[in-house]
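Undergrad: Sharing a structure here in structure tokens format.
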Amino acid sequence: MILKQLNQLQSFLETPKNIVIVGHRNPDGDAMGSTLALNHYLKKKGHNPTVVIPNEYPNFLHWLPGSDNTYRFDWQNSQSQRAIKKSDIIFLLDFNALHRVGHDMQNTLEAYENDFVLIDHHQQPDEFTYMFSDTEMCSTCQMIYHFIEKMGDIDLIDSDIATCLYTGIMTDTGSFRFRSTTSLTHRVIANLIDKGAENDRIHSNVYDASSYGRLQLLGQALSNLKVLSAYKTAYITLTDQEKVANNFTKGDTEGIVNYALSIEGVVMAAIFIEDKEQQIIKISFRSKGNFSVNKFARENFNGGGHDNAAGGKSDLNMVETVKKFSDLIIINKEELSNSYEV
């Protein structure tokens with residue numbers, strides 16, 4: 001755990017400040033839950049916070065309290081730039097380096113003259129003035145809970161804050177089934193329910209709102225599933241054409257990689273998603289046991305994340321990317337075979 005100048009930060013926040021809260025590009029449940037929860041908390045403390053996210057987020061998160069008051073940097077650029085320029089400090093949530101917000105927003109943040117606060121659970125964080133980093137934590141939302149606790153303000157957590165935090169913890173732990181879900185996580189969740197988080201409604205809003213197109217896309221993805229039994233690996237491909245044919249919207253591929261990981265005997269799973277707009281192949285990795293997809297993604301696909309959940313990208317086309325991946329799996333056969341869970 002890294003705790004850097006949090007006492008000084010607490011003193012800094014004793015008087016009202018203009019604050020910007022930033023999540024990573026292509027924000028997920030943890031990014032949106034943590035940014036919105038912190039936004040609600042800082043408002044209750046008398047500050048003037050603004051949430052600025054790099055781009056659009058999935059439809060199944062639009063119901064979160066406060067989500068309609070966020071700025072998207074890509075298409076609300078003037079409002080976002082204005083909020084950043086007049087802010088006294090910027091909170092960076094659920095990412096460990098400025099490049100995770102995308103090139104344009106990264107340039108703006110790198111030109112920022114005031115201080116940053118990093119609250120994040122990913123490995124190898126960059127250095128910032130104020131830091132709360134814990135790679136053992138299941139989610140940034142749980143870290144926001146502990147941040148509020150460290151500020152002495154647990155009593156300020158209301159139903160809106162609890163709902164946002166619960167959502168991020170639930171999504172980043174795979175509904176509390178990943179190894180990062182600890183007894184402490186469950187105690188935090190219990191308190192959030194006591195504070196007003198309606199667990200059944202949150203789960204339904206996130207997981208039971210599938211469109212017909214999303215289910216068709218899932219069917220396409222599963223039909224593309226390949227299993228490399230000799231290497232305890234499975235992977236899925238989705239081309240841009242297949243996405244268009246199934247009316248793809250942002251968030252539709254969320255969690256699909258877990259279907260590949262659920263196959264008996266599989267230690268590592270990946271999904272390769274063509275993104276014509278960015279001209280890359282976006283990749284999500286998942287693993288069981290002690291095979292680190294964070295290390296695998298960092299070394300081979302310009303990515304990273306956690307030991308059992310990471311992301312990356314490839315500038316090669318789909319065929320070349322899958323070929324590169326397959327060759328790397330052969331090299332890692334022994335390590336995959338020795339993962340303790342299979």
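Chain labels A, B, ... are given in the sequence in which chains occur in the structure tokens; within each chain residues are numbered consecutively from 1, and ligands are likewise numbered from 1 in the order shown.
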Skipping near chain neighbours, those fewer than 2 positions away, what residues fall within 9 Å of Ile271 in chain A using only C-alpha atoms, listed as a count of residues only?
TA: 16
Undergrad: Given the choices A:His47, A:Lys17, A:His103, A:His121, which gets closest to Asp88 in chain A if the distance is worked out from only C-alpha atoms?
TA: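 Among the listed residues, A:Lys17 lies closest to Asp88 in chain A.
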Undergrad: Tell me which protein, DNA and RNA residues are within 10 Å of Glu335 in chain A, counting only C-alpha atoms, leaving out same-chain ones fewer than 6 positions away, and put them as a VMD selection string.
TA: chain A and resid 231 290 to 292 329
Undergrad: Using DSSP assignments from the backbone, pull out every residue in range 68-154 of chain A that falls under strand (DSSP E or B) and give it to me as a PyMOL selection string.
TA: chain A and resi 71-72+89-93+115-120+130-133
Undergrad: Can you write just those residues out, C-alpha atoms, as a PDB file, in the first residue's frame?
TA:
```pdb
ATOM      1  CA  TYR A  71     -18.788  15.821 -18.729  1.00  0.00           C
ATOM      2  CA  ARG A  72     -17.409  13.682 -21.591  1.00  0.00           C
ATOM      3  CA  ILE A  89      -6.865  19.934  -7.578  1.00  0.00           C
ATOM      4  CA  ILE A  90      -7.676  16.872  -9.690  1.00  0.00           C
ATOM      5  CA  PHE A  91      -8.514  13.395  -8.430  1.00  0.00           C
ATOM      6  CA  LEU A  92      -7.445  10.512 -10.703  1.00  0.00           C
ATOM      7  CA  LEU A  93      -9.508   7.396 -10.014  1.00  0.00           C
ATOM      8  CA  ASP A 115      -1.667  18.896  -7.887  1.00  0.00           C
ATOM      9  CA  PHE A 116      -3.138  15.463  -8.560  1.00  0.00           C
ATOM     10  CA  VAL A 117      -4.564  12.901  -6.145  1.00  0.00           C
ATOM     11  CA  LEU A 118      -4.283   9.270  -7.263  1.00  0.00           C
ATOM     12  CA  ILE A 119      -6.666   6.713  -5.769  1.00  0.00           C
ATOM     13  CA  ASP A 120      -6.231   3.396  -7.547  1.00  0.00           C
ATOM     14  CA  TYR A 130      -1.024  12.735  -3.202  1.00  0.00           C
ATOM     15  CA  MET A 131      -1.451   8.966  -3.460  1.00  0.00           C
ATOM     16  CA  PHE A 132      -3.603   6.201  -2.056  1.00  0.00           C
ATOM     17  CA  SER A 133      -2.584   3.062  -3.948  1.00  0.00           C
TER      18      SER A 133
END
```
Undergrad: Residues of range 14-228 of chain A in helix (DSSP H, G or I) according to DSSP, as a PyMOL selection string?
TA: chain A and resi 29-44+59-61+67-69+77-86+98-101+103-110+140-150+154-156+159-172+183-194+199-207+212-223
Undergrad: Could you tell me which of A:Phe60, A:Phe248, A:Phe95, A:Phe12 comes closest to His24 in chain A if we count only C-alpha atoms?
TA: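 The answer is A:Phe95, which sits nearest to His24 in chain A.
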Undergrad: Need to verify the contact set: Asp194 in chain A, 10 Å, only C-alpha atoms, exclusion of same-chain residues closer than 6 positions in sequence. Can you return it as a list of chain:residue names?
TA: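 Neighbouring residues, sequence-local ones excluded: A:Asp158, A:Ser159, A:Ala162, A:Val188.
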Undergrad: Would you mind reading off the distance between CA of Glu198 in chain A and CA of Met137 in chain A, one decimal, in Å?
TA: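 Computing it gives 22.7 Å between the two atoms.
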Undergrad: Would you compute the distance between CA of Ser139 in chain A and CA of Ala297 in chain A? Give it in Å to one decimal.
TA: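 Those two atoms sit 19.4 Å apart.
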Undergrad: So which residues touch Gly152 in chain A within 12 Å, counting only C-alpha atoms, skipping near sequence neighbours fewer than 6 positions away, as a compact mmCIF listing (two decimals) with N, CA and C atoms, in the first residue's frame?
TA:
```
# COMPACT_ATOMS: atom_id res chain seq x y z
N ASN A 7 -2.56 13.19 5.02
CA ASN A 7 -2.84 14.17 6.09
C ASN A 7 -2.80 15.60 5.54
N GLN A 10 -5.93 16.15 3.57
CA GLN A 10 -7.07 16.41 4.45
C GLN A 10 -7.09 17.87 4.90
N LYS A 45 -19.21 17.80 1.57
CA LYS A 45 -18.16 18.48 2.35
C LYS A 45 -18.06 19.96 2.00
N TYR A 145 -14.30 4.07 -0.35
CA TYR A 145 -14.92 3.84 0.96
C TYR A 145 -13.88 4.06 2.07
N HIS A 146 -12.70 3.47 1.90
CA HIS A 146 -11.65 3.60 2.92
C HIS A 146 -11.07 5.02 2.96
```
Undergrad: Counting only C-alpha atoms, what is within 9 Å of Ser326 in chain A, bar same-chain residues fewer than 5 positions away, as a PyMOL selection string?
TA: chain A and resi 228+321+331
Undergrad: From the options A:Leu64, A:Cys138, A:Val322, A:Ile154, which residue's atoms come nearest to Thr181 in chain A, counting only C-alpha atoms?
TA: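 Going through A:Leu64, A:Cys138, A:Val322, A:Ile154 one by one, the smallest distance to Thr181 in chain A is for A:Cys138.
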Undergrad: Between CA of Leu328 in chain A and CA of Thr253 in chain A, what is the distance in Å, rounded to a tenth?
TA: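 About the pair CA of Leu328 in chain A and CA of Thr253 in chain A: they are 24.1 Å apart.
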Undergrad: Which of these, A:Gly251, A:Pro49, A:Gly168, A:Gly303, has the shortest distance to Ile84 in chain A once you count only C-alpha atoms?
TA: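 Closest to Ile84 in chain A, using only C-alpha atoms: A:Pro49.
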Undergrad: Restricting the calculation to only C-alpha atoms: of A:Ala310, A:Leu218, A:Ala190, A:Ala230, which residue gets closest to Leu336 in chain A?
TA: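 Using only C-alpha atoms, Leu336 in chain A sits closest to A:Ala230.
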Undergrad: Closest to Asn48 in chain A among A:Leu61, A:Leu13, A:Leu222, A:Cys164, using only C-alpha atoms?
TA: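 For Asn48 in chain A, the nearest of the given residues is A:Leu13.
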Undergrad: With only C-alpha atoms as the counted atoms, please give the residues lying no more than 10 Å from Asp240 in chain A, apart from itself and same-chain residues fewer than 6 positions off, as a list in words.
TA: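 What passes the distance filter is Phe248, Ile273, Glu274, Asp275, Lys276, Glu277 and Ile281 of chain A.
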Undergrad: Write the residues of the preceding selection, restricted to all heavy atoms, as a PDB file, in the first residue's frame.
TA:
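Output file result_36.pdb follows:
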```pdb
ATOM      1  N   PHE A 248     -23.998  -3.238 -32.094  1.00  0.00           N
ATOM      2  CA  PHE A 248     -23.146  -3.045 -30.934  1.00  0.00           C
ATOM      3  C   PHE A 248     -23.275  -1.653 -30.351  1.00  0.00           C
ATOM      4  O   PHE A 248     -23.286  -0.652 -31.078  1.00  0.00           O
ATOM      5  CB  PHE A 248     -21.686  -3.287 -31.340  1.00  0.00           C
ATOM      6  CG  PHE A 248     -20.677  -2.869 -30.302  1.00  0.00           C
ATOM      7  CD1 PHE A 248     -20.400  -3.690 -29.226  1.00  0.00           C
ATOM      8  CD2 PHE A 248     -20.025  -1.638 -30.399  1.00  0.00           C
ATOM      9  CE1 PHE A 248     -19.460  -3.309 -28.262  1.00  0.00           C
ATOM     10  CE2 PHE A 248     -19.094  -1.255 -29.448  1.00  0.00           C
ATOM     11  CZ  PHE A 248     -18.818  -2.092 -28.381  1.00  0.00           C
ATOM     12  N   ILE A 273     -11.091  -7.714 -29.677  1.00  0.00           N
ATOM     13  CA  ILE A 273     -12.192  -6.942 -30.225  1.00  0.00           C
ATOM     14  C   ILE A 273     -11.646  -5.890 -31.179  1.00  0.00           C
ATOM     15  O   ILE A 273     -10.890  -5.000 -30.780  1.00  0.00           O
ATOM     16  CB  ILE A 273     -13.014  -6.263 -29.107  1.00  0.00           C
ATOM     17  CG1 ILE A 273     -13.506  -7.313 -28.104  1.00  0.00           C
ATOM     18  CG2 ILE A 273     -14.174  -5.475 -29.688  1.00  0.00           C
ATOM     19  CD1 ILE A 273     -14.094  -6.714 -26.841  1.00  0.00           C
ATOM     20  N   GLU A 274     -12.023  -5.988 -32.425  1.00  0.00           N
ATOM     21  CA  GLU A 274     -11.551  -5.037 -33.430  1.00  0.00           C
ATOM     22  C   GLU A 274     -12.204  -3.671 -33.201  1.00  0.00           C
ATOM     23  O   GLU A 274     -13.412  -3.574 -32.992  1.00  0.00           O
ATOM     24  CB  GLU A 274     -11.877  -5.545 -34.834  1.00  0.00           C
ATOM     25  CG  GLU A 274     -11.290  -4.703 -35.948  1.00  0.00           C
ATOM     26  CD  GLU A 274     -11.571  -5.277 -37.315  1.00  0.00           C
ATOM     27  OE1 GLU A 274     -12.521  -6.077 -37.463  1.00  0.00           O
ATOM     28  OE2 GLU A 274     -10.835  -4.919 -38.255  1.00  0.00           O
ATOM     29  N   ASP A 275     -11.390  -2.632 -33.219  1.00  0.00           N
ATOM     30  CA  ASP A 275     -11.875  -1.261 -33.065  1.00  0.00           C
ATOM     31  C   ASP A 275     -11.382  -0.463 -34.265  1.00  0.00           C
ATOM     32  O   ASP A 275     -10.260   0.029 -34.284  1.00  0.00           O
ATOM     33  CB  ASP A 275     -11.358  -0.656 -31.755  1.00  0.00           C
ATOM     34  CG  ASP A 275     -11.970   0.704 -31.445  1.00  0.00           C
ATOM     35  OD1 ASP A 275     -12.275   1.443 -32.408  1.00  0.00           O
ATOM     36  OD2 ASP A 275     -12.129   1.031 -30.253  1.00  0.00           O
ATOM     37  N   LYS A 276     -12.244  -0.353 -35.282  1.00  0.00           N
ATOM     38  CA  LYS A 276     -11.851   0.327 -36.512  1.00  0.00           C
ATOM     39  C   LYS A 276     -11.590   1.810 -36.284  1.00  0.00           C
ATOM     40  O   LYS A 276     -10.726   2.414 -36.917  1.00  0.00           O
ATOM     41  CB  LYS A 276     -12.958   0.153 -37.563  1.00  0.00           C
ATOM     42  CG  LYS A 276     -12.931  -1.175 -38.293  1.00  0.00           C
ATOM     43  CD  LYS A 276     -11.799  -1.205 -39.316  1.00  0.00           C
ATOM     44  CE  LYS A 276     -11.789  -2.518 -40.098  1.00  0.00           C
ATOM     45  NZ  LYS A 276     -12.988  -2.669 -40.951  1.00  0.00           N
ATOM     46  N   GLU A 277     -12.346   2.421 -35.356  1.00  0.00           N
ATOM     47  CA  GLU A 277     -12.192   3.846 -35.096  1.00  0.00           C
ATOM     48  C   GLU A 277     -10.786   4.165 -34.606  1.00  0.00           C
ATOM     49  O   GLU A 277     -10.152   5.114 -35.063  1.00  0.00           O
ATOM     50  CB  GLU A 277     -13.229   4.311 -34.075  1.00  0.00           C
ATOM     51  CG  GLU A 277     -13.185   5.797 -33.780  1.00  0.00           C
ATOM     52  CD  GLU A 277     -14.201   6.220 -32.731  1.00  0.00           C
ATOM     53  OE1 GLU A 277     -15.085   5.415 -32.403  1.00  0.00           O
ATOM     54  OE2 GLU A 277     -14.087   7.359 -32.253  1.00  0.00           O
ATOM     55  N   ILE A 281      -6.698  -3.543 -32.095  1.00  0.00           N
ATOM     56  CA  ILE A 281      -7.430  -4.672 -31.530  1.00  0.00           C
ATOM     57  C   ILE A 281      -7.377  -4.503 -30.014  1.00  0.00           C
ATOM     58  O   ILE A 281      -6.299  -4.500 -29.411  1.00  0.00           O
ATOM     59  CB  ILE A 281      -6.805  -6.030 -31.925  1.00  0.00           C
ATOM     60  CG1 ILE A 281      -6.705  -6.161 -33.448  1.00  0.00           C
ATOM     61  CG2 ILE A 281      -7.625  -7.169 -31.333  1.00  0.00           C
ATOM     62  CD1 ILE A 281      -8.014  -6.175 -34.187  1.00  0.00           C
TER      63      ILE A 281
END
```
